[in-house]
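A.B. asks: Structure supplied as final08.tsv; contents: TSV, C-alpha atoms and all ligand atoms.
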chain	number	residue	atom	x	y	z
A	1	MET	CA	14.94	-97.78	-48.94
A	2	ASP	CA	12.20	-96.40	-46.70
A	3	ALA	CA	9.08	-98.54	-47.07
A	4	ALA	CA	5.71	-96.79	-47.36
A	5	LYS	CA	2.34	-98.22	-46.37
A	6	TYR	CA	0.64	-98.97	-49.69
A	7	ILE	CA	1.38	-99.69	-53.33
A	8	TRP	CA	-1.20	-99.31	-56.11
A	9	MET	CA	-1.27	-102.52	-58.16
A	10	ASN	CA	-3.60	-102.99	-61.11
A	11	GLY	CA	-6.29	-100.71	-59.75
A	12	LYS	CA	-6.13	-101.68	-56.07
A	13	PHE	CA	-4.10	-100.63	-53.06
A	14	VAL	CA	-2.13	-103.43	-51.46
A	15	ALA	CA	0.10	-103.38	-48.38
A	16	TRP	CA	3.76	-102.56	-49.26
A	17	ASP	CA	4.95	-106.05	-48.26
A	18	ASP	CA	2.27	-107.80	-50.33
A	19	ALA	CA	3.15	-106.16	-53.67
A	20	LYS	CA	4.81	-109.28	-55.11
A	21	VAL	CA	5.28	-110.98	-58.48
A	22	HIS	CA	6.08	-114.49	-59.70
A	23	VAL	CA	9.75	-115.30	-60.46
A	24	LEU	CA	8.73	-116.31	-63.98
A	25	SER	CA	7.29	-112.87	-64.77
A	26	HIS	CA	8.23	-112.06	-68.36
A	27	THR	CA	9.96	-108.74	-67.65
A	28	ILE	CA	12.33	-110.27	-65.11
A	29	HIS	CA	13.69	-112.55	-67.84
A	30	TYR	CA	13.57	-110.48	-71.01
A	31	GLY	CA	13.73	-106.92	-69.69
A	32	ASN	CA	10.76	-105.25	-71.39
A	33	GLY	CA	9.13	-102.87	-68.93
A	34	VAL	CA	8.64	-99.12	-68.68
A	35	ILE	CA	9.08	-96.80	-65.73
A	36	GLU	CA	8.63	-93.22	-64.69
A	37	GLY	CA	10.33	-91.23	-61.98
A	38	THR	CA	8.08	-88.48	-60.68
A	39	LYS	CA	8.40	-86.35	-57.59
A	40	ALA	CA	6.10	-84.78	-55.04
A	41	TYR	CA	7.28	-81.98	-52.75
A	42	LYS	CA	5.81	-80.80	-49.48
A	43	THR	CA	4.70	-77.22	-50.15
A	44	ALA	CA	3.07	-74.77	-47.75
A	45	LYS	CA	-0.28	-76.10	-49.08
A	46	GLY	CA	0.59	-79.77	-48.66
A	47	TYR	CA	2.14	-82.19	-51.15
A	48	ALA	CA	2.21	-81.27	-54.82
A	49	ILE	CA	3.35	-83.53	-57.66
A	50	PHE	CA	5.60	-81.76	-60.17
A	51	ARG	CA	4.54	-82.05	-63.84
A	52	LEU	CA	2.45	-85.11	-63.12
A	53	ASN	CA	0.64	-85.22	-66.45
A	54	GLU	CA	3.88	-85.02	-68.48
A	55	HIS	CA	5.40	-87.89	-66.54
A	56	THR	CA	2.34	-90.12	-66.86
A	57	THR	CA	2.04	-89.29	-70.57
A	58	ARG	CA	5.69	-90.27	-71.05
A	59	LEU	CA	4.99	-93.61	-69.33
A	60	LYS	CA	2.10	-94.27	-71.72
A	61	GLU	CA	4.28	-93.28	-74.70
A	62	SER	CA	7.26	-95.38	-73.55
A	63	ALA	CA	4.85	-98.32	-73.34
A	64	LYS	CA	3.55	-97.69	-76.85
A	65	MET	CA	7.13	-97.58	-78.17
A	66	THR	CA	7.96	-100.91	-76.51
A	67	LEU	CA	4.65	-102.62	-77.42
A	68	ILE	CA	3.19	-102.78	-73.93
A	69	ASN	CA	-0.51	-102.03	-73.80
A	70	ILE	CA	-1.22	-100.35	-70.47
A	71	PRO	CA	-4.92	-100.84	-69.73
A	72	TYR	CA	-5.27	-97.50	-67.89
A	73	SER	CA	-5.62	-93.99	-69.25
A	74	VAL	CA	-3.23	-91.18	-68.34
A	75	GLU	CA	-6.05	-89.63	-66.25
A	76	GLU	CA	-6.64	-92.87	-64.33
A	77	MET	CA	-2.93	-93.22	-63.62
A	78	ASN	CA	-2.68	-89.57	-62.55
A	79	GLN	CA	-5.51	-90.16	-60.09
A	80	ALA	CA	-3.85	-93.35	-58.80
A	81	GLN	CA	-0.71	-91.36	-57.99
A	82	ILE	CA	-2.69	-88.60	-56.24
A	83	ASP	CA	-4.54	-91.23	-54.18
A	84	LEU	CA	-1.27	-93.01	-53.42
A	85	ILE	CA	0.28	-89.90	-51.92
A	86	LYS	CA	-2.83	-89.30	-49.81
A	87	LYS	CA	-3.15	-92.86	-48.59
A	88	ASN	CA	0.47	-93.22	-47.54
A	89	GLU	CA	0.36	-90.25	-45.16
A	90	PHE	CA	3.94	-89.20	-45.90
A	91	VAL	CA	5.68	-86.69	-43.67
A	92	GLY	CA	9.02	-85.87	-45.37
A	93	ASP	CA	9.88	-83.01	-47.74
A	94	ASN	CA	10.26	-85.25	-50.79
A	95	VAL	CA	8.34	-88.21	-52.10
A	96	TYR	CA	9.54	-90.11	-55.16
A	97	LEU	CA	6.91	-91.85	-57.31
A	98	ARG	CA	7.72	-94.85	-59.46
A	99	PRO	CA	5.01	-95.69	-62.00
A	100	PHE	CA	5.84	-99.01	-63.65
A	101	ALA	CA	4.27	-101.18	-66.32
A	102	PHE	CA	5.69	-104.62	-66.94
A	103	LEU	CA	4.91	-108.04	-68.34
A	104	GLY	CA	3.74	-110.53	-65.76
A	105	TYR	CA	3.53	-114.26	-65.36
A	106	GLY	CA	2.07	-116.77	-67.81
A	107	VAL	CA	4.09	-116.68	-71.03
A	108	MET	CA	7.71	-117.67	-71.65
A	109	GLY	CA	9.81	-117.06	-74.76
A	110	VAL	CA	10.77	-113.71	-76.22
A	111	TYR	CA	7.47	-113.08	-78.07
A	112	HIS	CA	5.46	-111.11	-75.55
A	113	LYS	CA	2.11	-110.31	-77.12
A	114	ASP	CA	0.15	-112.61	-74.82
A	115	ALA	CA	2.00	-111.79	-71.62
A	116	PRO	CA	-0.27	-110.02	-69.09
A	117	VAL	CA	0.48	-106.36	-68.45
A	118	GLU	CA	0.84	-105.32	-64.81
A	119	THR	CA	0.60	-101.66	-63.82
A	120	VAL	CA	2.02	-100.53	-60.51
A	121	MET	CA	2.49	-97.17	-58.78
A	122	SER	CA	4.80	-96.98	-55.79
A	123	ALA	CA	5.98	-94.01	-53.75
A	124	TRP	CA	8.44	-93.57	-50.93
A	125	GLU	CA	10.35	-90.83	-49.17
A	126	TRP	CA	13.72	-90.39	-50.82
A	127	GLY	CA	16.49	-87.85	-50.17
A	128	ALA	CA	18.78	-86.21	-52.71
A	129	TYR	CA	19.70	-88.72	-55.45
A	130	LEU	CA	23.33	-87.60	-55.65
A	131	GLY	CA	23.56	-86.63	-51.98
A	132	GLU	CA	22.85	-83.41	-50.06
A	133	ASP	CA	26.54	-82.61	-50.24
A	134	GLY	CA	26.48	-83.11	-54.00
A	135	LEU	CA	23.69	-80.52	-54.35
A	136	LYS	CA	25.80	-77.91	-52.56
A	137	LYS	CA	29.38	-78.72	-53.46
A	138	GLY	CA	29.05	-80.58	-56.74
A	139	ILE	CA	29.82	-84.12	-57.82
A	140	LYS	CA	32.56	-85.90	-59.72
A	141	LEU	CA	31.55	-87.09	-63.16
A	142	LYS	CA	33.31	-89.73	-65.24
A	143	ILE	CA	32.86	-90.36	-68.93
A	144	ALA	CA	31.87	-94.00	-69.19
A	145	SER	CA	33.91	-96.45	-71.24
A	146	MET	CA	30.67	-97.68	-72.82
A	147	THR	CA	28.62	-95.41	-75.09
A	148	ARG	CA	24.84	-95.20	-75.26
A	149	PRO	CA	23.61	-97.82	-77.73
A	150	SER	CA	23.05	-96.31	-81.16
A	151	ASN	CA	19.59	-95.33	-82.34
A	152	THR	CA	19.67	-98.10	-84.91
A	153	SER	CA	19.46	-100.77	-82.22
A	154	ASN	CA	17.89	-99.10	-79.21
A	155	MET	CA	14.93	-96.98	-78.18
A	156	GLY	CA	16.58	-94.41	-75.95
A	157	LYS	CA	13.49	-92.21	-75.84
A	158	ALA	CA	11.48	-94.89	-74.11
A	159	LYS	CA	12.05	-94.85	-70.37
A	160	ALA	CA	12.46	-98.58	-70.69
A	161	THR	CA	13.89	-100.77	-67.95
A	162	ALA	CA	16.08	-102.45	-70.59
A	163	ASN	CA	17.90	-99.17	-71.23
A	164	TYR	CA	19.12	-99.14	-67.65
A	165	LEU	CA	21.56	-102.02	-68.17
A	166	ASN	CA	23.72	-99.51	-70.07
A	167	SER	CA	23.19	-96.90	-67.33
A	168	GLN	CA	23.92	-99.43	-64.61
A	169	MET	CA	27.23	-100.56	-66.11
A	170	ALA	CA	28.33	-96.95	-66.57
A	171	LYS	CA	27.32	-95.94	-63.05
A	172	TYR	CA	29.04	-98.93	-61.46
A	173	GLU	CA	32.25	-98.16	-63.33
A	174	ALA	CA	32.13	-94.49	-62.28
A	175	ILE	CA	31.67	-95.29	-58.60
A	176	ASP	CA	34.28	-98.03	-58.72
A	177	CYS	CA	36.73	-95.46	-60.07
A	178	GLY	CA	35.98	-93.04	-57.22
A	179	TYR	CA	33.48	-90.82	-59.08
A	180	ASP	CA	29.82	-90.15	-58.27
A	181	GLU	CA	28.09	-90.42	-61.63
A	182	ALA	CA	28.70	-91.47	-65.24
A	183	LEU	CA	28.32	-89.41	-68.38
A	184	LEU	CA	27.63	-91.36	-71.54
A	185	LEU	CA	28.66	-90.29	-75.00
A	186	ASP	CA	26.72	-91.37	-78.08
A	187	ASP	CA	28.21	-93.70	-80.68
A	188	GLN	CA	29.63	-90.65	-82.50
A	189	GLY	CA	31.49	-89.45	-79.41
A	190	TYR	CA	29.17	-86.56	-78.50
A	191	VAL	CA	27.59	-86.13	-75.07
A	192	ALA	CA	24.30	-88.00	-74.76
A	193	GLU	CA	23.29	-87.92	-71.07
A	194	ALA	CA	24.30	-89.13	-67.62
A	195	SER	CA	23.26	-92.57	-66.37
A	196	GLY	CA	20.08	-91.09	-64.90
A	197	ALA	CA	20.09	-87.37	-65.68
A	198	SER	CA	20.62	-84.78	-68.43
A	199	PHE	CA	23.76	-82.70	-68.91
A	200	PHE	CA	24.24	-78.91	-69.05
A	201	MET	CA	27.33	-76.74	-69.24
A	202	VAL	CA	27.91	-72.98	-69.14
A	203	VAL	CA	30.33	-71.44	-71.65
A	204	ASN	CA	30.85	-67.65	-71.78
A	205	GLY	CA	27.49	-67.03	-70.10
A	206	ILE	CA	25.59	-69.31	-72.52
A	207	LEU	CA	23.81	-72.38	-71.22
A	208	VAL	CA	24.44	-75.39	-73.45
A	209	SER	CA	22.72	-78.78	-73.40
A	210	PRO	CA	22.90	-81.52	-76.03
A	211	PRO	CA	19.89	-82.33	-78.21
A	212	SER	CA	17.81	-85.37	-77.21
A	213	ASP	CA	19.02	-87.31	-80.28
A	214	ASN	CA	20.36	-90.17	-78.18
A	215	ALA	CA	18.76	-89.47	-74.80
A	216	LEU	CA	15.54	-89.50	-72.88
A	217	VAL	CA	13.34	-86.49	-73.62
A	218	SER	CA	13.75	-85.07	-70.15
A	219	ILE	CA	11.08	-83.11	-68.31
A	220	THR	CA	13.55	-81.40	-65.94
A	221	GLN	CA	15.79	-80.38	-68.84
A	222	LYS	CA	12.78	-78.68	-70.46
A	223	THR	CA	11.93	-76.97	-67.16
A	224	VAL	CA	15.50	-75.71	-66.67
A	225	ILE	CA	15.60	-74.33	-70.21
A	226	GLU	CA	12.32	-72.50	-69.57
A	227	ILE	CA	13.61	-71.06	-66.27
A	228	ALA	CA	16.87	-69.96	-67.89
A	229	GLN	CA	15.13	-68.28	-70.82
A	230	ASP	CA	12.80	-66.50	-68.38
A	231	MET	CA	15.91	-65.19	-66.62
A	232	GLY	CA	17.23	-63.85	-69.93
A	233	ILE	CA	19.96	-66.50	-70.24
A	234	LYS	CA	20.81	-67.58	-73.78
A	235	VAL	CA	20.31	-71.32	-74.25
A	236	GLU	CA	21.81	-73.46	-76.99
A	237	ARG	CA	21.02	-77.07	-77.72
A	238	ARG	CA	23.87	-78.45	-79.74
A	239	ARG	CA	26.29	-81.33	-79.88
A	240	ILE	CA	29.03	-81.23	-77.25
A	241	SER	CA	32.36	-82.97	-77.67
A	242	ARG	CA	34.43	-84.40	-74.83
A	243	GLU	CA	37.10	-81.67	-74.97
A	244	GLU	CA	34.55	-78.90	-74.56
A	245	LEU	CA	33.37	-80.35	-71.26
A	246	TYR	CA	36.78	-80.14	-69.71
A	247	VAL	CA	37.09	-76.38	-70.28
A	248	ALA	CA	33.48	-75.40	-69.50
A	249	ASP	CA	32.93	-72.60	-66.97
A	250	GLU	CA	30.24	-74.55	-65.12
A	251	ALA	CA	28.50	-77.90	-65.50
A	252	PHE	CA	25.50	-79.53	-63.87
A	253	LEU	CA	23.13	-82.47	-64.19
A	254	THR	CA	19.34	-82.28	-64.15
A	255	GLY	CA	16.64	-84.84	-63.56
A	256	THR	CA	13.59	-85.50	-61.45
A	257	ALA	CA	15.75	-87.36	-58.93
A	258	ALA	CA	19.02	-85.47	-59.54
A	259	GLU	CA	17.15	-82.11	-59.47
A	260	ILE	CA	19.96	-79.66	-60.31
A	261	THR	CA	23.26	-81.15	-59.18
A	262	PRO	CA	26.45	-79.18	-59.84
A	263	VAL	CA	29.44	-80.97	-61.37
A	264	ARG	CA	32.82	-80.00	-59.93
A	265	ILE	CA	35.11	-82.50	-61.66
A	266	ILE	CA	34.96	-84.32	-64.99
A	267	ASP	CA	37.60	-86.97	-65.63
A	268	ALA	CA	40.18	-85.46	-63.24
A	269	ARG	CA	39.69	-81.91	-64.61
A	270	GLU	CA	38.28	-79.27	-62.27
A	271	ILE	CA	35.32	-77.47	-63.83
A	272	GLY	CA	35.40	-73.69	-63.37
A	273	ASN	CA	36.54	-73.01	-59.82
A	274	GLY	CA	35.82	-76.60	-58.75
A	275	SER	CA	32.60	-75.83	-56.86
A	276	ARG	CA	28.97	-74.92	-57.61
A	277	GLY	CA	28.96	-72.23	-60.30
A	278	GLU	CA	27.06	-68.94	-60.10
A	279	MET	CA	24.53	-69.70	-62.84
A	280	THR	CA	24.07	-73.23	-61.50
A	281	GLU	CA	23.24	-71.86	-58.07
A	282	LYS	CA	20.74	-69.35	-59.47
A	283	LEU	CA	18.93	-71.99	-61.52
A	284	GLN	CA	19.03	-74.43	-58.63
A	285	SER	CA	17.43	-72.05	-56.14
A	286	THR	CA	14.74	-71.04	-58.67
A	287	TYR	CA	14.03	-74.71	-59.38
A	288	PHE	CA	13.55	-75.47	-55.68
A	289	ASP	CA	11.30	-72.43	-55.30
A	290	ILE	CA	9.16	-73.75	-58.15
A	291	VAL	CA	8.83	-77.36	-56.98
A	292	PHE	CA	8.13	-76.28	-53.41
A	293	GLY	CA	5.34	-73.96	-54.61
A	294	ARG	CA	7.09	-70.67	-53.88
A	295	ASN	CA	6.92	-69.27	-57.42
A	296	ALA	CA	3.43	-68.35	-58.64
A	297	LYS	CA	4.49	-68.16	-62.30
A	298	TYR	CA	5.12	-71.91	-62.43
A	299	GLU	CA	2.20	-72.94	-60.21
A	300	HIS	CA	0.54	-74.65	-63.21
A	301	TYR	CA	3.20	-77.38	-63.06
A	302	LEU	CA	2.03	-78.47	-59.61
A	303	THR	CA	-0.77	-80.91	-58.87
A	304	TYR	CA	-1.76	-80.34	-55.27
A	305	ILE	CA	-2.96	-83.24	-53.16
A	306	ASP	CA	-5.81	-82.14	-50.93
B	401	LIG	C1	18.63	-91.87	-68.50
B	401	LIG	C2	17.95	-90.66	-67.99
B	401	LIG	N1	18.11	-89.49	-68.63
B	401	LIG	C3	17.53	-88.35	-68.20
B	401	LIG	C4	16.74	-88.34	-67.07
B	401	LIG	C5	16.08	-87.08	-66.64
B	401	LIG	O1	14.71	-87.13	-66.99
B	401	LIG	P1	13.62	-86.29	-66.22
B	401	LIG	O2	14.14	-84.90	-66.14
B	401	LIG	O3	12.41	-86.36	-67.08
B	401	LIG	O4	13.46	-86.91	-64.89
B	401	LIG	C6	16.55	-89.52	-66.36
B	401	LIG	C7	15.76	-89.55	-65.14
B	401	LIG	O5	14.65	-89.88	-65.13
B	401	LIG	C8	17.15	-90.72	-66.83
B	401	LIG	O6	16.98	-91.88	-66.19
I need this file expressed as structure tokens, please.

C.D. replies:
Amino acid sequence: MDAAKYIWMNGKFVAWDDAKVHVLSHTIHYGNGVIEGTKAYKTAKGYAIFRLNEHTTRLKESAKMTLINIPYSVEEMNQAQIDLIKKNEFVGDNVYLRPFAFLGYGVMGVYHKDAPVETVMSAWEWGAYLGEDGLKKGIKLKIASMTRPSNTSNMGKAKATANYLNSQMAKYEAIDCGYDEALLLDDQGYVAEASGASFFMVVNGILVSPPSDNALVSITQKTVIEIAQDMGIKVERRRISREELYVADEAFLTGTAAEITPVRIIDAREIGNGSRGEMTEKLQSTYFDIVFGRNAKYEHYLTYID
């Protein structure tokens, strides 16, 4: 990864190389931490963070769900991220932000109430998550052999570090089998989400995405639905079975990092004509116009860094 200059740690900026933790930090052993993935784009008026407040609010809510008491308000953490972008003097088109709250050093054993909470904001320049080629030509998606853990034993709506063991196993399997990304079904066999993104398909001109029943409540998914509805596209949120995917006209993934990435193959079946679909391309170019500040209607989603 490309190192930046500074990381914000518990209210102070520290040099990138000095942002360290003890090996006995609680989260490293027991996996309870919460993250965000937020993105800033270089617009004509300088960097702007996309839907900053929603991302920071989700961090605070993920922490509440997982019993981590972050000692900063959403406003304070928003400001930390704005300051972080300024202080690092980035130059690239994209900057990825990684807000993170975790349990630090001092307590061992599963019970975590007395473990200190550490709050960290990092940012670095990061290219397309599924590759520049993937954005244009589409990626190969594999349904993972593991499902998302059921809602009776997991908190899938928390963006919790612990949830990424499931994502990691699925992603590794997909790449090992020659694919680019994994799609996870829920424990009933319906599409939940990809290892780090949401799923959409197009069927007979209708845009379909599964409900968030067993998935992160995604900010990009919400944005894409809003864009589509503004374009007059009919959107349905309903359960999707495996067979339906294979005969969809188009498919794509969405996420802060994945942006809008077309899917050209699912499990050895070509989707549509095996390249980026027409609706996918339209939504993709509108999305990039919005995040890069070229669409006045969605300007309210941008927090400019002056
Ligand atoms: C598991 C998972 N689902 C969905 C998403 C998409 O969420 P968002 O659009 O809020 O970035 C992400 C990415 O953050 C993710 O990690």

A.B. asks: Restricting the calculation to all atoms listed in the file, which member of A:Lys297, A:Thr161, A:Gly196, A:Asp83 is positioned closest to A:Ile28?

C.D. replies: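 Closest to A:Ile28 of all the choices is A:Thr161.
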
A.B. asks: Let me see if you get this right: every residue at most 9 Å from ligand LIG 401 (chain B), counting all atoms listed in the file, written as a ChimeraX atom specification.

C.D. replies: /A:35-39,54-55,58,156-157,159,163-164,167,192-199,215-223,253-259

A.B. asks: Neighbours of A:Pro116 within 10 Å (all atoms listed in the file; same-chain residues fewer than 2 positions away dropped), as a VMD selection string?

C.D. replies: chain A and resid 25 to 26 68 to 70 102 to 107 112 to 114 118 to 119

A.B. asks: Between A:Tyr129, A:Trp16, A:Phe252, A:Tyr304, which is the closest to A:Ile85 once you count all atoms listed in the file?

C.D. replies: A:Tyr304

A.B. asks: Considering all atoms listed in the file, can you say which of A:Val235, A:Leu97, A:Met108, A:Val21 comes closest to A:Val208?

C.D. replies: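 Distance minimum relative to A:Val208 lands on A:Val235.
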
A.B. asks: Figure out the distance between atom CA of A:Leu135 and atom CA of A:Tyr179, please, to one decimal in Å.

C.D. replies: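 Distance reported for this atom pair: 15.0 Å.
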
A.B. asks: In Å to one decimal, how far is atom CA of A:Gly92 from atom CA of A:Ala15?

C.D. replies: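 We find that atom CA of A:Ala15 and atom CA of A:Gly92 lie 19.9 Å from each other.
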
A.B. asks: Tell me, in Å to one decimal, how far atom CA of A:Ala160 is from atom CA of A:Thr27.

C.D. replies: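 Separation of atom CA of A:Ala160 and atom CA of A:Thr27: 10.9 Å.
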
A.B. asks: Fewer than 2 positions away in the same chain doesn't count, so skip those; otherwise give me all residues within 12 Å of A:Phe13, counting all atoms listed in the file, as a PyMOL selection string.

C.D. replies: chain A and resi 4-11+15-19+80-81+83-88+119-122

A.B. asks: Can you tell me, as a ChimeraX atom specification, what residues are no more than 8 Å from A:Leu141 when counting all atoms listed in the file, ignoring any on the same chain fewer than 5 positions away?

C.D. replies: /A:174,179-183,263-267

A.B. asks: Which residue out of A:Gly127, A:Cys177, A:Tyr47, A:Val117 has the minimum interatomic distance to A:Tyr72 when only C-alpha atoms are used?

C.D. replies: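 Distance minimum relative to A:Tyr72 lands on A:Val117.
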
A.B. asks: Check the smallest atom-to-atom distance from each of A:Gly33, A:Gly232, A:Gly189, A:Pro71 to A:Thr147 using all atoms listed in the file, then report the winner.

C.D. replies: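 Among the listed residues, the smallest separation from A:Thr147 belongs to A:Gly189.
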
A.B. asks: Missing atoms in stretch 202-222 of chain A: can you complete it with N, CA, C and O atoms, as a compact mmCIF listing (two decimals), in the coordinates of the input?

C.D. replies:
# COMPACT_ATOMS: atom_id res chain seq x y z
N VAL A 202 27.96 -74.43 -68.91
CA VAL A 202 27.91 -72.98 -69.14
C VAL A 202 29.23 -72.60 -69.79
O VAL A 202 30.31 -72.94 -69.29
N VAL A 203 29.13 -71.91 -70.94
CA VAL A 203 30.33 -71.44 -71.65
C VAL A 203 30.10 -69.97 -72.01
O VAL A 203 29.15 -69.65 -72.73
N ASN A 204 30.96 -69.10 -71.50
CA ASN A 204 30.85 -67.65 -71.78
C ASN A 204 29.44 -67.12 -71.54
O ASN A 204 28.89 -66.39 -72.37
N GLY A 205 28.82 -67.54 -70.47
CA GLY A 205 27.49 -67.03 -70.10
C GLY A 205 26.34 -67.69 -70.84
O GLY A 205 25.17 -67.37 -70.61
N ILE A 206 26.65 -68.61 -71.77
CA ILE A 206 25.59 -69.31 -72.52
C ILE A 206 25.39 -70.69 -71.91
O ILE A 206 26.36 -71.39 -71.58
N LEU A 207 24.13 -71.06 -71.76
CA LEU A 207 23.81 -72.38 -71.22
C LEU A 207 23.67 -73.36 -72.39
O LEU A 207 22.92 -73.10 -73.33
N VAL A 208 24.42 -74.45 -72.32
CA VAL A 208 24.44 -75.39 -73.45
C VAL A 208 24.03 -76.78 -72.97
O VAL A 208 24.52 -77.27 -71.96
N SER A 209 23.13 -77.40 -73.71
CA SER A 209 22.72 -78.78 -73.40
C SER A 209 22.60 -79.54 -74.73
O SER A 209 22.18 -78.95 -75.74
N PRO A 210 22.96 -80.81 -74.75
CA PRO A 210 22.90 -81.52 -76.03
C PRO A 210 21.45 -81.76 -76.47
O PRO A 210 20.55 -81.77 -75.64
N PRO A 211 21.24 -81.97 -77.76
CA PRO A 211 19.89 -82.33 -78.21
C PRO A 211 19.51 -83.70 -77.66
O PRO A 211 20.38 -84.42 -77.16
N SER A 212 18.24 -84.07 -77.75
CA SER A 212 17.81 -85.37 -77.21
C SER A 212 17.96 -86.49 -78.25
O SER A 212 17.25 -87.49 -78.18
N ASP A 213 18.90 -86.33 -79.19
CA ASP A 213 19.02 -87.31 -80.28
C ASP A 213 19.27 -88.73 -79.77
O ASP A 213 18.77 -89.69 -80.32
N ASN A 214 20.08 -88.83 -78.72
CA ASN A 214 20.36 -90.17 -78.18
C ASN A 214 20.20 -90.10 -76.66
O ASN A 214 21.11 -90.40 -75.90
N ALA A 215 19.01 -89.66 -76.24
CA ALA A 215 18.76 -89.47 -74.80
C ALA A 215 17.26 -89.46 -74.55
O ALA A 215 16.47 -89.28 -75.47
N LEU A 216 16.93 -89.64 -73.30
CA LEU A 216 15.54 -89.50 -72.88
C LEU A 216 15.11 -88.06 -73.12
O LEU A 216 15.92 -87.14 -72.94
N VAL A 217 13.86 -87.86 -73.51
CA VAL A 217 13.34 -86.49 -73.62
C VAL A 217 12.95 -86.08 -72.19
O VAL A 217 11.93 -86.49 -71.67
N SER A 218 13.84 -85.30 -71.60
CA SER A 218 13.75 -85.07 -70.15
C SER A 218 12.83 -83.90 -69.80
O SER A 218 12.86 -82.84 -70.42
N ILE A 219 12.04 -84.12 -68.77
CA ILE A 219 11.08 -83.11 -68.31
C ILE A 219 11.81 -82.02 -67.51
O ILE A 219 11.51 -80.83 -67.64
N THR A 220 12.80 -82.40 -66.72
CA THR A 220 13.55 -81.40 -65.94
C THR A 220 14.40 -80.52 -66.86
O THR A 220 14.52 -79.32 -66.65
N GLN A 221 14.98 -81.13 -67.88
CA GLN A 221 15.79 -80.38 -68.84
C GLN A 221 14.93 -79.27 -69.48
O GLN A 221 15.35 -78.12 -69.58
N LYS A 222 13.71 -79.66 -69.86
CA LYS A 222 12.78 -78.68 -70.46
C LYS A 222 12.47 -77.57 -69.46
O LYS A 222 12.42 -76.40 -69.81
